[in-house]
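Here is the file coords24.pdb (PDB, C-alpha atoms and all ligand atoms).
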ATOM      1  CA  MET A   1      89.578 102.180 116.526
ATOM      2  CA  ILE A   2      86.107 101.320 115.309
ATOM      3  CA  LYS A   3      84.093  99.147 117.650
ATOM      4  CA  ASN A   4      83.218  95.682 116.344
ATOM      5  CA  GLN A   5      85.804  96.075 113.603
ATOM      6  CA  LYS A   6      86.800  92.418 113.827
ATOM      7  CA  THR A   7      83.274  91.202 113.178
ATOM      8  CA  GLN A   8      82.911  93.076 109.888
ATOM      9  CA  PRO A   9      83.943  91.022 106.855
ATOM     10  CA  ILE A  10      86.615  92.674 104.761
ATOM     11  CA  VAL A  11      85.515  93.209 101.183
ATOM     12  CA  ASP A  12      88.237  92.328  98.656
ATOM     13  CA  SER A  13      86.199  92.535  95.466
ATOM     14  CA  THR A  14      82.972  94.309  94.444
ATOM     15  CA  LEU A  15      82.879  94.077  90.655
ATOM     16  CA  SER A  16      79.607  94.353  88.779
ATOM     17  CA  ASN A  17      78.711  91.577  86.351
ATOM     18  CA  HIS A  18      79.678  93.865  83.498
ATOM     19  CA  GLU A  19      83.081  94.661  85.027
ATOM     20  CA  ALA A  20      83.888  91.048  85.934
ATOM     21  CA  LEU A  21      83.082  89.803  82.425
ATOM     22  CA  ARG A  22      84.896  92.600  80.629
ATOM     23  CA  GLN A  23      87.097  91.049  77.956
ATOM     24  CA  ASN A  24      90.778  91.455  77.332
ATOM     25  CA  PRO A  25      90.958  93.281  73.960
ATOM     26  CA  ASP A  26      94.044  91.199  73.098
ATOM     27  CA  SER A  27      92.267  87.909  73.823
ATOM     28  CA  PRO A  28      88.470  88.287  73.744
ATOM     29  CA  CYS A  29      86.392  85.308  74.744
ATOM     30  CA  PRO A  30      83.763  84.043  72.231
ATOM     31  CA  SER A  31      80.280  85.166  73.309
ATOM     32  CA  GLU A  32      78.946  81.600  73.503
ATOM     33  CA  LEU A  33      81.471  80.919  76.288
ATOM     34  CA  ILE A  34      80.685  84.142  78.129
ATOM     35  CA  SER A  35      77.010  83.226  78.380
ATOM     36  CA  ASP A  36      77.959  80.149  80.454
ATOM     37  CA  LEU A  37      79.885  82.180  83.025
ATOM     38  CA  GLU A  38      78.606  83.360  86.381
ATOM     39  CA  LEU A  39      79.954  85.922  88.848
ATOM     40  CA  PHE A  40      79.347  85.044  92.504
ATOM     41  CA  GLU A  41      80.437  86.070  95.978
ATOM     42  CA  VAL A  42      82.577  83.866  98.230
ATOM     43  CA  ASN A  43      83.481  84.179 101.910
ATOM     44  CA  TYR A  44      86.852  83.067 103.219
ATOM     45  CA  TYR A  45      89.111  83.193 106.233
ATOM     46  CA  SER A  46      92.274  85.083 105.331
ATOM     47  CA  PHE A  47      95.844  85.431 106.585
ATOM     48  CA  ASP A  48      94.882  88.318 108.860
ATOM     49  CA  GLY A  49      92.568  85.988 110.814
ATOM     50  CA  GLN A  50      89.459  87.747 109.541
ATOM     51  CA  ILE A  51      86.599  86.808 107.246
ATOM     52  CA  HIS A  52      86.809  88.360 103.791
ATOM     53  CA  ILE A  53      84.324  88.614 100.939
ATOM     54  CA  GLY A  54      85.596  88.116  97.408
ATOM     55  CA  GLN A  55      84.249  87.110  94.017
ATOM     56  CA  ILE A  56      84.778  84.305  91.520
ATOM     57  CA  VAL A  57      83.818  84.029  87.855
ATOM     58  CA  ALA A  58      83.329  80.388  86.836
ATOM     59  CA  HIS A  59      81.203  78.150  84.624
ATOM     60  CA  LYS A  60      77.613  78.266  85.917
ATOM     61  CA  ASP A  61      77.534  74.462  86.336
ATOM     62  CA  LEU A  62      80.380  74.613  88.877
ATOM     63  CA  VAL A  63      79.159  77.416  91.135
ATOM     64  CA  ARG A  64      77.652  75.067  93.699
ATOM     65  CA  ASP A  65      80.844  72.943  93.898
ATOM     66  CA  ILE A  66      83.045  76.011  94.343
ATOM     67  CA  LEU A  67      80.780  77.542  97.002
ATOM     68  CA  GLY A  68      80.944  74.244  98.890
ATOM     69  CA  ALA A  69      84.739  74.291  98.712
ATOM     70  CA  PHE A  70      84.884  77.819 100.154
ATOM     71  CA  HIS A  71      82.466  76.798 102.894
ATOM     72  CA  LEU A  72      84.740  73.877 103.766
ATOM     73  CA  LEU A  73      87.889  76.031 103.727
ATOM     74  CA  CYS A  74      86.248  78.685 105.892
ATOM     75  CA  ALA A  75      85.164  76.079 108.458
ATOM     76  CA  GLU A  76      88.726  74.740 108.584
ATOM     77  CA  LYS A  77      90.208  78.256 108.823
ATOM     78  CA  PHE A  78      92.309  77.445 105.766
ATOM     79  CA  PRO A  79      93.514  80.928 104.778
ATOM     80  CA  ILE A  80      92.762  82.303 101.309
ATOM     81  CA  GLN A  81      94.724  85.409 100.308
ATOM     82  CA  SER A  82      92.008  86.927  98.100
ATOM     83  CA  ALA A  83      89.444  85.968  95.469
ATOM     84  CA  ILE A  84      89.362  88.688  92.831
ATOM     85  CA  PRO A  85      88.310  88.139  89.203
ATOM     86  CA  ILE A  86      91.087  88.475  86.651
ATOM     87  CA  ALA A  87      89.349  91.388  84.849
ATOM     88  CA  ASP A  88      89.789  93.558  87.971
ATOM     89  CA  ALA A  89      91.961  96.659  87.452
ATOM     90  CA  ARG A  90      94.543  95.146  89.836
ATOM     91  CA  PHE A  91      95.234  92.296  87.362
ATOM     92  CA  MET A  92      93.838  93.238  83.913
ATOM     93  CA  TRP A  93      93.701  89.573  82.769
ATOM     94  CA  ASP A  94      97.380  89.059  83.668
ATOM     95  CA  ASP A  95      97.758  85.596  85.194
ATOM     96  CA  THR A  96     101.326  86.356  86.268
ATOM     97  CA  LEU A  97     100.184  89.326  88.367
ATOM     98  CA  SER A  98      97.322  87.340  89.857
ATOM     99  CA  THR A  99      99.452  84.318  90.767
ATOM    100  CA  LYS A 100     102.238  86.475  92.226
ATOM    101  CA  ALA A 101      99.624  88.146  94.402
ATOM    102  CA  ASN A 102      98.526  84.667  95.560
ATOM    103  CA  ASN A 103      95.046  85.485  94.253
ATOM    104  CA  THR A 104      92.463  82.723  93.873
ATOM    105  CA  SER A 105      90.518  82.800  90.599
ATOM    106  CA  ALA A 106      88.775  80.590  88.054
ATOM    107  CA  TYR A 107      87.757  82.064  84.697
ATOM    108  CA  ASN A 108      90.432  83.581  82.473
ATOM    109  CA  PHE A 109      90.297  83.348  78.687
ATOM    110  CA  ARG A 110      93.893  82.314  78.129
ATOM    111  CA  ASN A 111      96.140  79.522  76.903
ATOM    112  CA  VAL A 112      97.959  77.004  79.043
ATOM    113  CA  ARG A 113     101.158  78.815  79.984
ATOM    114  CA  ASP A 114     103.794  78.731  77.218
ATOM    115  CA  THR A 115     101.543  76.733  74.841
ATOM    116  CA  ASP A 116      98.919  77.322  72.096
ATOM    117  CA  GLU A 117      96.479  75.112  73.936
ATOM    118  CA  ILE A 118      93.339  76.778  75.384
ATOM    119  CA  SER A 119      93.308  76.496  79.169
ATOM    120  CA  ASN A 120      90.334  75.054  81.033
ATOM    121  CA  HIS A 121      90.294  78.424  82.823
ATOM    122  CA  ALA A 122      89.055  79.836  79.484
ATOM    123  CA  THR A 123      85.695  78.113  79.952
ATOM    124  CA  GLY A 124      85.572  78.796  83.694
ATOM    125  CA  ARG A 125      86.037  75.101  84.417
ATOM    126  CA  ALA A 126      89.258  75.421  86.445
ATOM    127  CA  LEU A 127      90.028  77.054  89.789
ATOM    128  CA  ASP A 128      93.456  78.136  91.075
ATOM    129  CA  ILE A 129      93.750  78.398  94.872
ATOM    130  CA  ASN A 130      96.494  80.445  96.592
ATOM    131  CA  PRO A 131      98.776  80.067  93.530
ATOM    132  CA  ARG A 132     101.920  81.491  95.123
ATOM    133  CA  LEU A 133     101.771  78.902  97.906
ATOM    134  CA  ASN A 134     100.675  76.158  95.501
ATOM    135  CA  PRO A 135     102.830  76.682  92.409
ATOM    136  CA  TYR A 136     102.793  75.106  88.979
ATOM    137  CA  PHE A 137     105.958  73.175  88.060
ATOM    138  CA  PRO A 138     106.194  72.781  84.271
ATOM    139  CA  GLY A 139     109.434  70.906  83.602
ATOM    140  CA  GLN A 140     112.280  72.592  85.454
ATOM    141  CA  LYS A 141     110.355  75.869  85.831
ATOM    142  CA  VAL A 142     108.097  77.186  88.554
ATOM    143  CA  PHE A 143     105.150  79.601  88.253
ATOM    144  CA  PRO A 144     104.900  82.036  89.834
ATOM    145  CA  ALA A 145     108.670  82.541  89.693
ATOM    146  CA  ASP A 146     110.563  81.841  92.929
ATOM    147  CA  ALA A 147     107.550  80.189  94.533
ATOM    148  CA  THR A 148     108.034  77.054  96.612
ATOM    149  CA  TYR A 149     105.644  74.318  97.703
ATOM    150  CA  ASN A 150     105.956  73.898 101.453
ATOM    151  CA  PRO A 151     103.295  71.649 103.033
ATOM    152  CA  ASN A 152     103.985  73.225 106.435
ATOM    153  CA  VAL A 153     102.843  76.696 105.399
ATOM    154  CA  PRO A 154      99.150  77.532 106.074
ATOM    155  CA  GLY A 155      97.225  77.989 102.840
ATOM    156  CA  THR A 156      99.104  75.141 101.141
ATOM    157  CA  ILE A 157      96.972  72.375  99.620
ATOM    158  CA  LEU A 158      97.844  68.907 100.893
ATOM    159  CA  ALA A 159      97.165  65.580  99.187
ATOM    160  CA  ASP A 160      95.343  64.206 102.246
ATOM    161  CA  SER A 161      93.267  67.369 102.830
ATOM    162  CA  LYS A 162      89.479  67.527 103.057
ATOM    163  CA  LEU A 163      89.573  69.948 100.124
ATOM    164  CA  VAL A 164      91.202  67.450  97.750
ATOM    165  CA  LYS A 165      88.802  64.726  98.891
ATOM    166  CA  TYR A 166      85.813  67.065  98.497
ATOM    167  CA  PHE A 167      86.705  68.031  94.944
ATOM    168  CA  THR A 168      87.740  64.516  93.919
ATOM    169  CA  ASP A 169      84.434  63.094  95.212
ATOM    170  CA  LEU A 170      82.598  65.609  92.996
ATOM    171  CA  GLY A 171      84.530  64.527  89.905
ATOM    172  CA  TRP A 172      87.158  67.272  89.877
ATOM    173  CA  THR A 173      90.830  66.628  89.116
ATOM    174  CA  TRP A 174      93.627  68.143  91.195
ATOM    175  CA  GLY A 175      96.539  69.410  89.084
ATOM    176  CA  ALA A 176      99.090  68.031  91.540
ATOM    177  CA  THR A 177      98.200  64.543  90.367
ATOM    178  CA  TRP A 178      99.321  65.302  86.811
ATOM    179  CA  ARG A 179     102.359  63.113  86.396
ATOM    180  CA  ASP A 180     104.789  65.356  84.559
ATOM    181  CA  ASP A 181     103.912  68.929  85.484
ATOM    182  CA  PRO A 182     102.323  69.123  88.928
ATOM    183  CA  ASP A 183     100.074  72.173  89.341
ATOM    184  CA  TYR A 184      99.237  72.359  93.044
ATOM    185  CA  GLN A 185      96.942  75.401  92.801
ATOM    186  CA  HIS A 186      94.748  73.917  90.056
ATOM    187  CA  PHE A 187      91.436  72.031  90.247
ATOM    188  CA  GLU A 188      89.255  71.407  87.190
ATOM    189  CA  LYS A 189      86.059  69.682  86.204
ATOM    190  CA  LEU A 190      85.288  69.285  82.543
ATOM    191  CA  GLY A 191      81.783  69.206  81.095
TER     192      GLY A 191
HETATM  193 ZN    ZN B 201      94.982  76.589  86.868
END

Can the structure in the file be given as structure tokens, please?
Amino acid sequence: MIKNQKTQPIVDSTLSNHEALRQNPDSPCPSELISDLELFEVNYYSFDGQIHIGQIVAHKDLVRDILGAFHLLCAEKFPIQSAIPIADARFMWDDTLSTKANNTSAYNFRNVRDTDEISNHATGRALDINPRLNPYFPGQKVFPADATYNPNVPGTILADSKLVKYFTDLGWTWGATWRDDPDYQHFEKLG
């Protein structure tokens, strides 16, 4: 066993700017949107009780807000599974793979699930946190499939949490407050 192993952060994602902003050939993002995106590093406490380093791609105007949220979550030891951009080879822009893996991410040039409407993730203005523990419930469905929302499980976002208050105070909206289709993983702030 390596000495001091527990004090070394575990690196979950090390994409270059070029790799993180690589576009899905089936759904390329317009270049004027790409120029507003920023790749940045985040630290988080994970389910193994250790500090991890991941990456987020989001709209450049929201970087400070998101870094503050990770700082808050780390201080509270709220576990984050991973933060790996959607262009990573493990996901290849596939939101289903990313959400099943409980991966936290922001930018993804895609539509709102099962609609023709462009998602706010497409402009990097939405963040999904631990999506398998904080599912999206459109109508009678649940995404990711078979996920459940259990407030007693660590890593689940609660209505009275510091995180929800933090984001709300900064003008973000939490998807769980959407009347018809609660989306517990989702926070967004429009420009
Ligand atoms: Zn979302």

Item checked: Protein and nucleic acid residues within 7 Å of ligand ZN 201 (chain B) (only C-alpha atoms and all ligand atoms) as a PyMOL selection string -> chain A and resi 121+126-128+185-187

Note to self: I need the residue nearest Ser119 (chain A) from this list: A:Ile80, A:Leu190, A:Ala145, A:Ala159. Use all atoms listed in the file for the distance.
What the structure shows: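 That would be A:Leu190, the residue with the smallest distance to Ser119 (chain A).
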
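With distances taken over all atoms listed in the file, A:Pro85 is the one residue among A:Pro85, A:Pro151, A:Gly68, A:Pro135 lying closest to Leu39 (chain A).
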
Next item on the list: Kindly give the distance, in Å, that separates CA of Glu117 (chain A) and CA of Cys29 (chain A), rounded to a single decimal.
Entry: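 So the answer is 14.4 Å.
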
Margin query: So that I can check the surroundings of region 165-182 of chain A, please list as JSON, numbers by chain every protein, DNA and RNA residue that reaches within 12 Å of it, counting only C-alpha atoms and ignoring chain neighbours fewer than 5 positions away.
Written below: {"A": [62, 64, 65, 66, 67, 68, 69, 70, 71, 72, 73, 112, 113, 120, 125, 126, 127, 128, 129, 131, 134, 135, 136, 137, 138, 139, 140, 141, 142, 143, 149, 156, 157, 158, 159, 160, 187, 188, 189, 190, 191]}
